[in-house]
Every structure is written in C-alpha cells, then in structure tokens.
Amino acid sequence: MLRMKAPAKVNLTLEILSRRPDGYHDIVSIMQTLGLYDELCFENSSSLSLHCNVAALQNGDNLVLKAARMLQQEGGYRGGATISLRKKIYMDAGLGGGSSDAAITLLALNELWSLGCSKDDLIMMAAEIGSDVPFFIEGGTCLVEGRGERLTSLPDMQQAWFVLLAPDFQPLPGKTGELYKMVSREIYTDGKLTSILRSKLEAGEPLGPQHLFNTFEAVAFRAYPALESYWKIFAGAGGGDVHLAGSGPLIFKMLTRQEEAQTLGEKLKALGLRALVVPSLSRRELGY
C-alpha cells in the first residue's frame, strides 16, 4: 500500500500571451504548491477502481482513473490498483486539486507498479491529461509556459502564508474555458510581469503582493457576478491586494507573517466565510 498527498497550488502570476492556432492559449505563469492536500491511497489489484469521499467524483471520468489508465497503456502493465481519494482541497476553485490528484497518481503508480518511467516521461503523459497536471509532477516553485507543458524549476520562494477565501456559490460549468472566451486581445500581456517575479526569485529576494498578477481578474466579476461582494468583504477585513486563484472563483491574499495571516483568516471565519490559512510548500517538503 502506498499513501501520498496531492498538494494544492496558486498562480503567483498568470499571463495570457496569445491565442494559438489549435484553439488553446499560450500562457506564462509562476505556480507555487501550498500546504493543503488531498489524500490518496494506492494498493495493487487485478483491476482499476476508485473510491472517493465525494460521491460525484467516483466515476470513470475522474482524472485519477484517466491517469492510471494512461500509465497502464504506456507502461504495458496488465495489473491494476485500488485507489482511495479523500478530497480536502476546495473543488472547482482554481487550486488545481483534480490536476494534482492526477499527477500524484502517475507518480504513485509508477512506483507501485515498478514501471521505471522517468520524470520527463510522466510530464509528457501529464500534459495529455490537463494543462496544470505537469506542474504537479515537479512541484515547488515553477515557471510554466506554453499551455502548461513546459516547466522550468525555480528557486523556492521565501516562506509565505496564504489566506484562502472560498466563495459559497457554484462556479460556471467548464469555467476555465468560459473565462478564456471572455479574455480579449486587449488584455493580453507580454510576460514582463512574470519575468520580474522570476528575477526576484532567482535573486532570493522576498516577494510582495504587488508582484502578483492574474489576467483572469480582468473578467472575474463578469464571469462570477457574486464574487465582487466577497472581494469587497475580504478587502474590508484587511485583505487588500486580493488575487484570484487560477481561474477562480477562490480568492487569496499572500502574507509573509504567519500571525498576520492567522488574524485575517479568523476575521473572515467570524463573518461566516469559508477561509483557510495555508503555507507555501517548497519542493523539498513535497516528499516525492
């Protein structure tokens, strides 16, 4: 039996550069793993099966099973596995939980089945599953380019704390694709903001909220009309410099002092909001 944790992520920057001929968009982003996890357990079996604490996710379309089937095929493996998934990461929020679960499945079954696939092999498979999946094979702090398949490991960011606020409403079906449709050429950027952040990471300098950026914030209130009220409450509680997590609708603030982050998190909880305080997670802390 093999137990592993699948971490969440935030995009410290997310810049949309252009629309590609294949319909996808070229992006440049710096992603960061967080100390918030789903939990997975893998055990050898004659066939593949998935058990999840969220009934709606216990189906053949789950990215965990998609990853397992792909690895079976690529590795020529005839056996299977019983997989248990306990969801703790907010779902459909922009934290990459499903992508992380898929990546950890590739890593875990490669080990459990003794397939010997290299990290590059796993990243190639991950790119076929979803745009955010390759990042979780590497984890830590990474520059992500293309549509998510090109990774460059960066020095770990200095310890930071993230106050997460999960709005209590259902996101759009197919939300990421819908947000991309709302992004016009006028709000494309050229990658300079990400280059600045990369330079600071490589110089070992501390990051501030002014260094964070997400193109989707320009269309967030149009995509999620109810989000504006949460944003204002967050800012009013002391959470200026609020940012969207990925394609949302979860929003967050990055802080360098744990005490300050905990105080803000408690203020939000006292207002009856779903809030968490989690640390940044370095590559060495991932455990895989």
# chains A, B, ... in the order shown; residues from 1 in each chain; ligands from 1
>>> residues_around(residues="Leu207 of chain A", least_positions_apart="2", cutoff="8 Å", atoms="only C-alpha atoms", output="number ranges by chain")
A: 157-158, 197, 200-201, 205, 209, 211
>>> closest_atom_pairs(of="segment 195-256 of chain A", to="segment 167-191 of chain A", cutoff="12 Å", atoms="only C-alpha atoms", output="JSON lines")
{"residue": "A:Ser195", "atom": "CA", "partner": "A:Gly191", "partner_atom": "CA", "distance": 6.3}
{"residue": "A:Ile196", "atom": "CA", "partner": "A:Gly191", "partner_atom": "CA", "distance": 8.9}
{"residue": "A:Leu197", "atom": "CA", "partner": "A:Gly191", "partner_atom": "CA", "distance": 10.2}
{"residue": "A:Arg198", "atom": "CA", "partner": "A:Gly191", "partner_atom": "CA", "distance": 10.6}
{"residue": "A:Phe213", "atom": "CA", "partner": "A:Thr189", "partner_atom": "CA", "distance": 10.6}
{"residue": "A:Asn214", "atom": "CA", "partner": "A:Thr189", "partner_atom": "CA", "distance": 10.2}
{"residue": "A:Thr215", "atom": "CA", "partner": "A:Ile187", "partner_atom": "CA", "distance": 7.2}
{"residue": "A:Phe216", "atom": "CA", "partner": "A:Leu179", "partner_atom": "CA", "distance": 7.0}
{"residue": "A:Glu217", "atom": "CA", "partner": "A:Leu179", "partner_atom": "CA", "distance": 9.8}
{"residue": "A:Ala218", "atom": "CA", "partner": "A:Ile187", "partner_atom": "CA", "distance": 7.7}
{"residue": "A:Val219", "atom": "CA", "partner": "A:Met182", "partner_atom": "CA", "distance": 6.6}
{"residue": "A:Ala220", "atom": "CA", "partner": "A:Leu179", "partner_atom": "CA", "distance": 7.8}
{"residue": "A:Phe221", "atom": "CA", "partner": "A:Leu179", "partner_atom": "CA", "distance": 10.6}
{"residue": "A:Arg222", "atom": "CA", "partner": "A:Met182", "partner_atom": "CA", "distance": 8.6}
{"residue": "A:Ala223", "atom": "CA", "partner": "A:Leu179", "partner_atom": "CA", "distance": 6.7}
{"residue": "A:Tyr224", "atom": "CA", "partner": "A:Pro171", "partner_atom": "CA", "distance": 7.3}
{"residue": "A:Pro225", "atom": "CA", "partner": "A:Phe169", "partner_atom": "CA", "distance": 10.4}
{"residue": "A:Ala226", "atom": "CA", "partner": "A:Phe169", "partner_atom": "CA", "distance": 7.9}
{"residue": "A:Leu227", "atom": "CA", "partner": "A:Pro167", "partner_atom": "CA", "distance": 7.1}
{"residue": "A:Glu228", "atom": "CA", "partner": "A:Pro167", "partner_atom": "CA", "distance": 10.2}
{"residue": "A:Ser229", "atom": "CA", "partner": "A:Pro167", "partner_atom": "CA", "distance": 9.6}
{"residue": "A:Tyr230", "atom": "CA", "partner": "A:Pro167", "partner_atom": "CA", "distance": 6.7}
{"residue": "A:Trp231", "atom": "CA", "partner": "A:Pro167", "partner_atom": "CA", "distance": 9.3}
{"residue": "A:Ile233", "atom": "CA", "partner": "A:Pro167", "partner_atom": "CA", "distance": 11.0}
{"residue": "A:Phe234", "atom": "CA", "partner": "A:Pro167", "partner_atom": "CA", "distance": 10.6}
{"residue": "A:Leu244", "atom": "CA", "partner": "A:Pro167", "partner_atom": "CA", "distance": 11.4}
{"residue": "A:Ala245", "atom": "CA", "partner": "A:Thr176", "partner_atom": "CA", "distance": 11.6}
{"residue": "A:Gly246", "atom": "CA", "partner": "A:Thr176", "partner_atom": "CA", "distance": 8.6}
{"residue": "A:Ser247", "atom": "CA", "partner": "A:Thr176", "partner_atom": "CA", "distance": 5.6}
{"residue": "A:Gly248", "atom": "CA", "partner": "A:Pro171", "partner_atom": "CA", "distance": 8.1}
{"residue": "A:Pro249", "atom": "CA", "partner": "A:Pro171", "partner_atom": "CA", "distance": 6.7}
{"residue": "A:Leu250", "atom": "CA", "partner": "A:Pro167", "partner_atom": "CA", "distance": 6.3}
{"residue": "A:Ile251", "atom": "CA", "partner": "A:Pro167", "partner_atom": "CA", "distance": 8.1}
{"residue": "A:Phe252", "atom": "CA", "partner": "A:Pro167", "partner_atom": "CA", "distance": 10.9}
>>> atom_distance(atom1="atom CA of Cys52 of chain A", atom2="atom CA of Ser131 of chain A")
23.1 Å
>>> atom_distance(atom1="atom CA of Val133 of chain A", atom2="atom CA of Ala6 of chain A")
11.2 Å
>>> residues_around(residues="Leu115 of chain A", least_positions_apart="3", cutoff="8 Å", atoms="only C-alpha atoms", output="JSON list (two decimals) with N, CA and C atoms, in the first residue's frame")
[["chain", "number", "residue", "atom", "x", "y", "z"],
["A", 75, "GLY", "N", 2.93, 1.97, -20.02],
["A", 75, "GLY", "CA", 3.88, 1.07, -19.38],
["A", 75, "GLY", "C", 3.66, -0.39, -19.72],
["A", 110, "ASN", "N", 3.59, 4.64, -10.90],
["A", 110, "ASN", "CA", 4.89, 4.36, -11.50],
["A", 110, "ASN", "C", 5.78, 3.65, -10.49],
["A", 111, "GLU", "N", 5.68, 4.07, -9.23],
["A", 111, "GLU", "CA", 6.44, 3.41, -8.16],
["A", 111, "GLU", "C", 5.83, 2.08, -7.77]]
>>> atom_distance(atom1="atom CA of Ser199 of chain A", atom2="atom CA of Glu15 of chain A")
16.0 Å
>>> residues_around(residues="Lys9 of chain A", least_positions_apart="6", cutoff="7 Å", atoms="only C-alpha atoms", output="list in words")
Met31, Gln32, Thr33, Leu34, Leu95 and Gly96 of chain A
>>> decode(residues="segment 87-125 of chain A", atoms="N, CA and C atoms", output="compact mmCIF listing (two decimals), in the first residue's frame")
# COMPACT_ATOMS: atom_id res chain seq x y z
N LYS A 87 -10.90 13.93 -0.64
CA LYS A 87 -10.80 15.32 -1.08
C LYS A 87 -10.82 16.27 0.13
N LYS A 88 -9.80 17.13 0.16
CA LYS A 88 -9.74 18.18 1.17
C LYS A 88 -9.56 19.56 0.54
N ILE A 89 -9.04 19.58 -0.67
CA ILE A 89 -8.86 20.84 -1.41
C ILE A 89 -10.21 21.28 -1.94
N TYR A 90 -10.53 22.56 -1.79
CA TYR A 90 -11.78 23.08 -2.34
C TYR A 90 -11.87 22.70 -3.83
N MET A 91 -13.03 22.20 -4.24
CA MET A 91 -13.21 21.73 -5.60
C MET A 91 -13.66 22.86 -6.52
N ASP A 92 -13.23 22.80 -7.79
CA ASP A 92 -13.61 23.79 -8.81
C ASP A 92 -13.34 25.21 -8.32
N ALA A 93 -12.21 25.39 -7.67
CA ALA A 93 -11.92 26.68 -7.04
C ALA A 93 -10.76 27.42 -7.68
N GLY A 94 -9.93 26.72 -8.46
CA GLY A 94 -8.74 27.34 -9.02
C GLY A 94 -7.46 26.91 -8.33
N LEU A 95 -7.56 25.92 -7.43
CA LEU A 95 -6.41 25.44 -6.67
C LEU A 95 -5.77 24.20 -7.28
N GLY A 96 -6.32 23.70 -8.36
CA GLY A 96 -5.69 22.60 -9.08
C GLY A 96 -5.81 21.23 -8.44
N GLY A 97 -6.80 21.02 -7.58
CA GLY A 97 -6.90 19.74 -6.87
C GLY A 97 -7.00 18.53 -7.78
N GLY A 98 -7.86 18.59 -8.79
CA GLY A 98 -8.02 17.46 -9.69
C GLY A 98 -6.76 17.17 -10.48
N SER A 99 -6.07 18.24 -10.91
CA SER A 99 -4.82 18.08 -11.64
C SER A 99 -3.74 17.47 -10.75
N SER A 100 -3.70 17.91 -9.50
CA SER A 100 -2.74 17.38 -8.55
C SER A 100 -2.99 15.91 -8.28
N ASP A 101 -4.26 15.54 -8.12
CA ASP A 101 -4.61 14.12 -7.90
C ASP A 101 -4.12 13.26 -9.06
N ALA A 102 -4.29 13.75 -10.29
CA ALA A 102 -3.85 13.00 -11.47
C ALA A 102 -2.34 12.85 -11.49
N ALA A 103 -1.61 13.93 -11.19
CA ALA A 103 -0.15 13.88 -11.19
C ALA A 103 0.37 12.92 -10.14
N ILE A 104 -0.21 12.98 -8.95
CA ILE A 104 0.23 12.08 -7.88
C ILE A 104 -0.08 10.63 -8.24
N THR A 105 -1.17 10.41 -8.95
CA THR A 105 -1.49 9.05 -9.41
C THR A 105 -0.41 8.53 -10.35
N LEU A 106 0.05 9.36 -11.27
CA LEU A 106 1.14 8.95 -12.16
C LEU A 106 2.40 8.62 -11.36
N LEU A 107 2.76 9.49 -10.43
CA LEU A 107 3.96 9.27 -9.62
C LEU A 107 3.83 8.01 -8.76
N ALA A 108 2.68 7.84 -8.13
CA ALA A 108 2.50 6.72 -7.20
C ALA A 108 2.45 5.38 -7.93
N LEU A 109 1.70 5.29 -9.01
CA LEU A 109 1.56 4.01 -9.71
C LEU A 109 2.84 3.66 -10.46
N ASN A 110 3.59 4.64 -10.90
CA ASN A 110 4.89 4.36 -11.50
C ASN A 110 5.78 3.65 -10.49
N GLU A 111 5.68 4.07 -9.23
CA GLU A 111 6.44 3.41 -8.16
C GLU A 111 5.83 2.08 -7.77
N LEU A 112 4.52 2.05 -7.55
CA LEU A 112 3.85 0.83 -7.09
C LEU A 112 3.98 -0.30 -8.11
N TRP A 113 3.88 0.06 -9.38
CA TRP A 113 3.96 -0.95 -10.45
C TRP A 113 5.38 -1.17 -10.96
N SER A 114 6.36 -0.46 -10.37
CA SER A 114 7.78 -0.61 -10.75
C SER A 114 7.99 -0.46 -12.25
N LEU A 115 7.41 0.59 -12.84
CA LEU A 115 7.48 0.80 -14.28
C LEU A 115 8.77 1.48 -14.73
N GLY A 116 9.37 2.27 -13.86
CA GLY A 116 10.63 2.91 -14.20
C GLY A 116 10.51 4.07 -15.18
N CYS A 117 9.33 4.67 -15.29
CA CYS A 117 9.18 5.84 -16.17
C CYS A 117 9.95 7.02 -15.58
N SER A 118 10.61 7.78 -16.44
CA SER A 118 11.36 8.95 -15.98
C SER A 118 10.40 10.10 -15.69
N LYS A 119 10.92 11.12 -15.01
CA LYS A 119 10.10 12.31 -14.75
C LYS A 119 9.64 12.94 -16.05
N ASP A 120 10.53 12.99 -17.04
CA ASP A 120 10.14 13.54 -18.34
C ASP A 120 9.02 12.74 -18.99
N ASP A 121 9.08 11.40 -18.85
CA ASP A 121 8.00 10.55 -19.36
C ASP A 121 6.68 10.91 -18.70
N LEU A 122 6.72 11.07 -17.40
CA LEU A 122 5.50 11.36 -16.65
C LEU A 122 4.96 12.75 -17.00
N ILE A 123 5.85 13.70 -17.22
CA ILE A 123 5.40 15.04 -17.60
C ILE A 123 4.72 15.01 -18.96
N MET A 124 5.24 14.22 -19.89
CA MET A 124 4.61 14.10 -21.21
C MET A 124 3.22 13.51 -21.09
N MET A 125 3.06 12.49 -20.27
CA MET A 125 1.73 11.91 -20.04
C MET A 125 0.81 12.92 -19.37
